[in-house]
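File shown here: coords-v2.cif, holding mmCIF, C-alpha atoms.
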data_entry
#
loop_
_atom_site.label_atom_id
_atom_site.label_comp_id
_atom_site.auth_asym_id
_atom_site.auth_seq_id
_atom_site.Cartn_x
_atom_site.Cartn_y
_atom_site.Cartn_z
CA MET C 27 0.00 0.00 0.00
CA SER C 28 1.44 3.36 -1.02
CA GLN C 29 1.75 6.31 1.33
CA SER C 30 -0.88 8.22 -0.62
CA GLU C 31 -3.35 5.41 0.10
CA GLU C 32 -2.49 5.52 3.82
CA VAL C 33 -3.35 9.20 4.15
CA GLU C 34 -6.93 9.72 5.23
CA ASP C 35 -9.21 11.93 3.23
CA SER C 36 -8.11 15.49 4.07
CA THR C 37 -9.26 17.38 0.98
CA ALA C 38 -11.88 19.36 2.86
CA PRO C 39 -12.00 23.05 2.07
CA LEU C 40 -10.23 25.52 4.32
CA ILE C 41 -13.51 26.60 5.90
CA GLU C 42 -14.17 23.06 7.09
CA HIS C 43 -10.70 22.85 8.66
CA LEU C 44 -11.33 26.14 10.46
CA ALA C 45 -14.70 24.89 11.66
CA GLU C 46 -13.04 21.72 12.94
CA LEU C 47 -10.36 23.79 14.69
CA ARG C 48 -13.04 25.96 16.31
CA THR C 49 -14.87 22.87 17.58
CA ARG C 50 -11.68 21.41 19.07
CA LEU C 51 -10.77 24.75 20.71
CA ILE C 52 -14.24 25.15 22.22
CA ARG C 53 -14.13 21.65 23.68
CA SER C 54 -10.63 22.30 25.04
CA VAL C 55 -11.72 25.57 26.67
CA ILE C 56 -14.75 23.86 28.23
CA ALA C 57 -12.52 21.08 29.58
CA PHE C 58 -10.11 23.68 30.97
CA ALA C 59 -12.96 25.59 32.66
CA VAL C 60 -14.28 22.40 34.26
CA GLY C 61 -10.77 21.55 35.44
CA VAL C 62 -10.33 25.01 36.98
CA ILE C 63 -13.64 24.71 38.84
CA LEU C 64 -12.78 21.26 40.17
CA ALA C 65 -9.30 22.43 41.21
CA PHE C 66 -10.73 25.51 42.96
CA VAL C 67 -12.91 23.27 45.14
CA VAL C 68 -9.78 21.65 46.57
CA ALA C 69 -7.44 24.64 46.17
CA GLU C 70 -6.85 25.07 49.90
CA PRO C 71 -5.72 21.44 50.47
CA ILE C 72 -3.49 21.78 47.40
CA LEU C 73 -1.98 24.96 48.86
CA GLN C 74 -1.34 23.18 52.15
CA PHE C 75 0.42 20.40 50.25
CA LEU C 76 2.56 22.83 48.23
CA VAL C 77 3.74 24.77 51.30
CA GLN C 78 4.32 21.61 53.33
CA PRO C 79 8.12 21.77 52.79
CA ILE C 80 8.12 25.25 54.36
CA GLU C 81 6.08 24.01 57.31
CA GLU C 82 8.34 21.02 57.92
CA THR C 83 11.47 23.15 57.68
CA LEU C 84 10.14 25.73 60.14
CA ARG C 85 9.13 23.05 62.62
CA ALA C 86 12.54 21.41 62.32
CA LEU C 87 14.13 24.79 63.08
CA GLY C 88 12.08 25.17 66.26
CA ASP C 89 9.00 27.09 65.16
CA PRO C 90 5.97 25.48 66.90
CA SER C 91 3.47 27.46 64.85
CA PRO C 92 4.54 27.99 61.21
CA THR C 93 2.62 30.91 59.75
CA LEU C 94 2.22 32.45 56.29
CA GLN C 95 0.50 35.78 55.77
CA TYR C 96 -1.09 37.87 53.04
CA THR C 97 -0.97 41.65 53.03
CA SER C 98 -3.82 42.63 50.71
CA PRO C 99 -7.49 41.61 50.89
CA GLN C 100 -7.51 39.91 47.50
CA GLU C 101 -4.11 38.23 47.72
CA TYR C 102 -5.24 34.92 49.23
CA LEU C 103 -8.16 34.58 46.82
CA PHE C 104 -5.92 35.30 43.83
CA THR C 105 -3.46 32.70 45.15
CA LEU C 106 -6.24 30.11 45.15
CA PHE C 107 -7.17 31.19 41.61
CA ARG C 108 -3.57 30.74 40.52
CA ILE C 109 -3.50 27.22 41.96
CA SER C 110 -6.80 26.49 40.24
CA MET C 111 -5.43 27.62 36.86
CA VAL C 112 -2.29 25.48 37.10
CA PHE C 113 -3.93 22.33 38.41
CA GLY C 114 -7.03 22.88 36.28
CA PHE C 115 -4.83 22.74 33.20
CA ALA C 116 -3.21 19.56 34.54
CA LEU C 117 -6.64 17.95 35.05
CA SER C 118 -7.88 18.98 31.62
CA PHE C 119 -4.69 18.12 29.71
CA PRO C 120 -5.88 14.59 28.73
CA MET C 121 -8.96 16.09 27.06
CA ILE C 122 -6.95 18.93 25.49
CA GLY C 123 -4.37 16.46 24.21
CA TYR C 124 -7.14 14.25 22.83
CA GLN C 125 -8.66 17.22 20.97
CA LEU C 126 -5.24 18.08 19.56
CA TRP C 127 -4.81 14.49 18.46
CA ARG C 128 -8.23 14.40 16.79
CA PHE C 129 -7.38 17.57 14.85
CA VAL C 130 -3.98 16.51 13.52
CA ALA C 131 -4.56 12.75 13.14
CA PRO C 132 -6.43 12.90 9.78
CA GLY C 133 -3.35 14.48 8.16
CA LEU C 134 -0.88 11.89 9.45
CA TYR C 135 0.26 8.63 7.93
CA LYS C 136 -0.46 5.48 9.89
CA THR C 137 3.19 5.16 10.85
CA GLU C 138 3.24 8.77 12.02
CA LYS C 139 0.15 8.18 14.15
CA GLY C 140 1.85 5.24 15.81
CA ALA C 141 4.91 7.37 16.52
CA PHE C 142 3.12 10.49 17.75
CA LEU C 143 0.54 8.99 20.11
CA PRO C 144 2.99 7.44 22.64
CA PHE C 145 4.70 10.81 23.06
CA LEU C 146 1.35 12.45 23.74
CA ILE C 147 0.96 10.02 26.64
CA ALA C 148 4.58 10.10 27.84
CA SER C 149 4.81 13.90 28.00
CA PRO C 150 2.33 14.49 30.88
CA PHE C 151 3.69 11.43 32.71
CA MET C 152 7.26 12.76 32.60
CA PHE C 153 6.09 16.22 33.64
CA LEU C 154 4.27 14.72 36.63
CA LEU C 155 7.39 12.74 37.53
CA GLY C 156 9.53 15.88 37.43
CA ALA C 157 6.99 17.89 39.44
CA THR C 158 6.86 15.15 42.09
CA PHE C 159 10.64 15.09 42.31
CA ALA C 160 10.71 18.88 42.73
CA GLN C 161 8.05 18.86 45.46
CA LEU C 162 9.42 15.95 47.49
CA VAL C 163 13.18 16.41 47.07
CA VAL C 164 14.26 19.77 45.69
CA THR C 165 11.87 22.16 47.45
CA PRO C 166 12.60 20.82 50.99
CA LEU C 167 16.34 21.18 50.36
CA ALA C 168 15.85 24.70 49.02
CA MET C 169 13.72 25.72 52.01
CA GLN C 170 16.33 24.39 54.43
CA PHE C 171 18.95 26.45 52.64
CA PHE C 172 16.93 29.69 52.46
CA LEU C 173 15.41 29.60 55.94
CA GLY C 174 18.64 28.50 57.59
CA PHE C 175 20.03 32.05 57.36
CA ALA C 176 17.44 33.72 59.56
CA ASP C 177 16.24 33.35 63.12
CA VAL C 178 12.97 31.67 62.24
CA SER C 179 11.60 31.44 65.77
CA SER C 180 8.07 32.65 65.45
CA ILE C 181 7.06 35.81 67.28
CA PHE C 182 4.13 33.84 68.57
CA ALA C 183 6.48 31.39 70.24
CA ASN C 184 8.17 34.33 71.98
CA LEU C 185 4.83 35.68 73.10
CA LEU C 186 3.70 32.37 74.52
CA SER C 187 6.99 31.64 76.22
CA GLN C 188 6.86 35.04 77.95
CA ALA C 189 3.18 34.91 78.88
CA ALA C 190 2.18 37.12 81.75
CA GLY C 191 2.61 35.44 85.06
CA ASP C 192 5.58 33.26 84.11
CA VAL C 193 7.89 35.37 86.22
CA ALA C 194 6.83 36.99 89.46
CA GLY C 195 6.38 40.69 89.14
CA SER C 196 6.56 40.60 85.33
CA VAL C 197 2.93 41.55 84.80
CA PRO C 198 2.51 45.30 84.38
CA GLU C 199 -0.21 47.03 86.36
CA GLY C 200 -3.57 46.82 84.64
CA VAL C 201 -2.62 43.86 82.42
CA SER C 202 -4.47 40.58 82.84
CA VAL C 203 -2.51 37.44 83.67
CA ASP C 204 -4.10 35.82 80.62
CA THR C 205 -2.46 38.32 78.27
CA ALA C 206 0.84 37.61 76.53
CA VAL C 207 3.42 40.33 76.86
CA VAL C 208 6.07 41.02 74.24
CA PRO C 209 9.39 40.54 76.04
CA ALA C 210 12.02 43.21 76.10
CA SER C 211 15.10 42.48 74.05
CA THR C 212 18.63 43.86 74.25
CA ASP C 213 20.13 41.54 71.65
CA GLY C 214 19.59 43.79 68.66
CA VAL C 215 17.01 43.46 65.93
CA LYS C 216 15.33 40.07 65.77
CA ILE C 217 15.11 38.67 62.22
CA THR C 218 11.93 36.64 61.98
CA PHE C 219 10.39 34.83 59.02
CA PHE C 220 6.89 36.02 58.11
CA GLY C 221 6.37 34.43 54.72
CA LYS C 222 3.78 35.71 52.26
CA VAL C 223 1.47 33.13 50.75
CA ASN C 224 1.89 34.21 47.12
CA GLU C 225 5.69 34.56 47.29
CA SER C 226 6.15 31.19 49.01
CA LEU C 227 3.88 29.55 46.46
CA ASP C 228 5.78 31.24 43.64
CA ILE C 229 9.04 29.53 44.64
CA THR C 230 7.37 26.13 44.83
CA LEU C 231 5.65 26.50 41.45
CA LYS C 232 8.90 27.64 39.81
CA PHE C 233 10.64 24.47 40.98
CA ILE C 234 7.71 22.34 39.79
CA MET C 235 7.68 23.97 36.35
CA ALA C 236 11.48 23.87 35.98
CA PHE C 237 11.83 20.18 36.84
CA GLY C 238 8.66 19.25 34.97
CA LEU C 239 10.12 20.80 31.81
CA CYS C 240 13.56 19.26 32.41
CA PHE C 241 11.98 15.81 32.58
CA GLN C 242 10.60 16.40 29.06
CA LEU C 243 14.15 16.01 27.69
CA PRO C 244 13.89 12.28 26.81
CA VAL C 245 10.49 12.83 25.18
CA LEU C 246 11.73 15.77 23.10
CA LEU C 247 15.01 14.21 21.97
CA THR C 248 13.41 10.85 21.17
CA LEU C 249 10.75 12.58 19.08
CA MET C 250 13.47 14.54 17.28
CA GLY C 251 15.32 11.27 16.73
CA LYS C 252 12.24 9.75 15.12
CA ALA C 253 12.02 12.79 12.87
CA GLY C 254 15.70 12.40 11.92
CA LEU C 255 16.68 15.77 13.41
CA VAL C 256 19.19 14.32 15.89
CA SER C 257 21.24 11.14 16.08
CA ALA C 258 22.66 9.11 18.96
CA ASP C 259 26.22 9.68 17.73
CA GLY C 260 25.59 13.42 17.45
CA LEU C 261 24.16 13.60 20.98
CA GLY C 262 27.11 11.59 22.27
CA ALA C 263 29.57 13.98 20.63
CA MET C 264 27.79 16.89 22.35
CA ARG C 265 28.21 15.47 25.86
CA LYS C 266 30.80 18.02 26.99
CA TYR C 267 28.60 20.89 25.85
CA ALA C 268 25.58 19.28 27.49
CA VAL C 269 27.48 19.08 30.80
CA VAL C 270 28.22 22.81 30.69
CA ALA C 271 24.63 23.67 29.75
CA ILE C 272 23.22 21.51 32.56
CA LEU C 273 25.57 23.10 35.10
CA VAL C 274 24.42 26.57 33.99
CA LEU C 275 20.80 25.43 34.25
CA ALA C 276 21.40 24.06 37.76
CA ALA C 277 22.91 27.39 38.82
CA LEU C 278 19.92 29.34 37.47
CA VAL C 279 16.95 27.31 38.70
CA THR C 280 18.24 26.15 42.09
CA PRO C 281 19.41 28.08 45.15
CA PRO C 282 23.15 28.62 45.60
CA ASP C 283 23.41 25.30 47.39
CA VAL C 284 25.93 22.79 46.07
CA ILE C 285 23.87 19.77 47.15
CA THR C 286 20.72 20.94 45.34
CA GLN C 287 22.69 21.88 42.24
CA MET C 288 24.41 18.50 42.14
CA ILE C 289 21.06 16.71 42.48
CA LEU C 290 19.68 18.63 39.51
CA PHE C 291 22.85 18.02 37.49
CA VAL C 292 22.83 14.27 38.15
CA VAL C 293 19.12 13.97 37.33
CA VAL C 294 19.19 16.02 34.11
CA TYR C 295 22.42 14.46 32.87
CA GLY C 296 20.94 11.04 33.57
CA LEU C 297 17.94 12.02 31.45
CA TYR C 298 20.33 13.10 28.70
CA GLU C 299 22.02 9.68 28.70
CA ILE C 300 18.60 7.99 28.68
CA SER C 301 17.71 10.15 25.68
CA ILE C 302 20.82 8.94 23.82
CA PHE C 303 19.85 5.33 24.56
CA LEU C 304 16.27 5.89 23.33
CA VAL C 305 17.44 7.64 20.15
CA ARG C 306 19.84 4.77 19.44
CA ARG C 307 16.96 2.30 19.80
CA VAL C 308 14.88 4.39 17.40
CA GLU C 309 17.72 4.33 14.87
CA SER C 310 18.16 0.57 15.28
CA LYS C 311 14.48 -0.07 14.63
CA ARG C 312 14.58 2.20 11.58
CA GLU C 313 17.58 0.33 10.18
CA GLU C 314 15.91 -3.04 10.80
CA LYS C 315 12.81 -1.87 8.96
CA LEU C 316 14.86 -0.60 6.01
CA ARG C 317 16.77 -3.88 5.85
CA ALA C 318 13.50 -5.83 5.88
CA GLU C 319 12.21 -3.71 3.00
CA GLY C 320 15.46 -4.09 1.07
CA TYR C 321 16.45 -0.42 1.20
CA TYR C 322 19.42 -0.80 3.56
CA ASP C 323 22.31 -3.21 3.35
CA ASP C 324 25.55 -2.33 5.07
CA GLU C 325 27.29 -5.42 3.65
CA ASP C 326 27.05 -4.36 0.02
CA GLU C 327 29.21 -1.49 -1.11
CA ASP C 328 27.55 1.34 -2.97
CA PRO C 329 28.46 1.01 -6.73
CA LEU C 330 28.92 4.77 -7.05
CA MET C 331 31.31 4.86 -4.10
CA ALA C 332 33.21 1.87 -5.48
CA GLU C 333 33.64 3.60 -8.83
CA PHE C 334 34.78 6.77 -7.07
CA ASP C 335 37.37 4.77 -5.07
CA GLU C 336 38.67 3.15 -8.26
CA ASP C 337 39.15 6.54 -9.93
CA GLU C 338 41.09 7.82 -6.92
CA GLU C 339 43.36 4.78 -6.94
CA LYS C 340 44.22 5.44 -10.58
#

Here is the file; what I need is its structure written in the form of structure tokens.
Amino acid sequence: MSQSEEVEDSTAPLIEHLAELRTRLIRSVIAFAVGVILAFVVAEPILQFLVQPIEETLRALGDPSPTLQYTSPQEYLFTLFRISMVFGFALSFPMIGYQLWRFVAPGLYKTEKGAFLPFLIASPFMFLLGATFAQLVVTPLAMQFFLGFADVSSIFANLLSQAAGDVAGSVPEGVSVDTAVVPASTDGVKITFFGKVNESLDITLKFIMAFGLCFQLPVLLTLMGKAGLVSADGLGAMRKYAVVAILVLAALVTPPDVITQMILFVVVYGLYEISIFLVRRVESKREEKLRAEGYYDDEDEDPLMAEFDEDEEK
């Protein structure tokens, strides 16, 4: 069967293609809106999960009551909206990806369909894997590094520890014994962490996005290998440049902490080596297919090259 026979009927006029595109976009927008609404219902538990590394770090540093604040009336609501947008897109991505697939599939050969569909599935999986790694490994390390510079003892802990009545004669006249009194301090200015909700969430989301995108490396390079844009030998020859690029990336997206930077370097470089392995497998399968069809035979010498070699010998 020729390639022209494998292509599905795609001779519809331009107006029909635009109508099809409009239908797919409308369905994608509806799926995204539903995902945002569902995510907003559970936005507060999601926020608690995202800031959990900050909470655990503060408790480990001696803060019995970790607290985040917002300084404008709309800030907390907008933070929940932001969470809803990000996780709503994640929830609706299967439907959006399906609509994309339905739009482009009629113009693909059968072999191209078989090559494209696995990547459509692998891409969100790898992003989720990278986001999980960022949330469970990288963010806690970053929070330990950032918060380790300040005296993070909560002001509330100071208030409670110096509650009125703890020391005889410490309660000023007219103050109830049930009232906490801010203790006097002669040790200079106390540096205390009062994190803002939106800023703390911003750091977490940046790590999630950065590692989620980094984990797309095998998917991207393997897809480029299938398209013939890169080769395993070419990627192998670029290893030294890849090492430098990954080190620069680690310095940009992680805090100035050697441990965190090394973790990112090891992970991303490992993904690069996995990409080389996957591209080599793609090339091997392509060669096997060409051999089976009689288009590739590395045992027979090309007649044109043989004639060229003979002329040079003369």

Check: Written as a ChimeraX atom specification, which residues does the PyMOL selection byres ((chain C and resi 245) around 8) give for the file shown?
Finding: /C:145,148-149,242-244,246-249,301

Item checked: d(CA of Val269 in chain C, CA of Tyr295 in chain C) in Å ->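 According to the coordinates, CA of Val269 in chain C and CA of Tyr295 in chain C are separated by 7.2 Å.
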
Item checked: Closest of C:Gly114, C:Gly260, C:Gly133, C:Pro166 to His43 in chain C - atom-to-atom distances counting all atoms listed in the file ->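 Looking only at the distances to His43 in chain C, the closest residue turns out to be C:Gly133.
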
Next item on the list: Could you tell me which residues the PyMOL selection byres ((chain C and resi 123) around 12) grabs in this file, written as an MDAnalysis selection string?
Entry: chainID C and resid 50:51 53:55 57:58 115:122 124:131 142:150

Check: Closest to Phe219 in chain C among C:Val112, C:Leu173, C:Leu64, C:Ile272, using all atoms listed in the file?
Finding: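 Smallest distance to Phe219 in chain C is found for C:Leu173.
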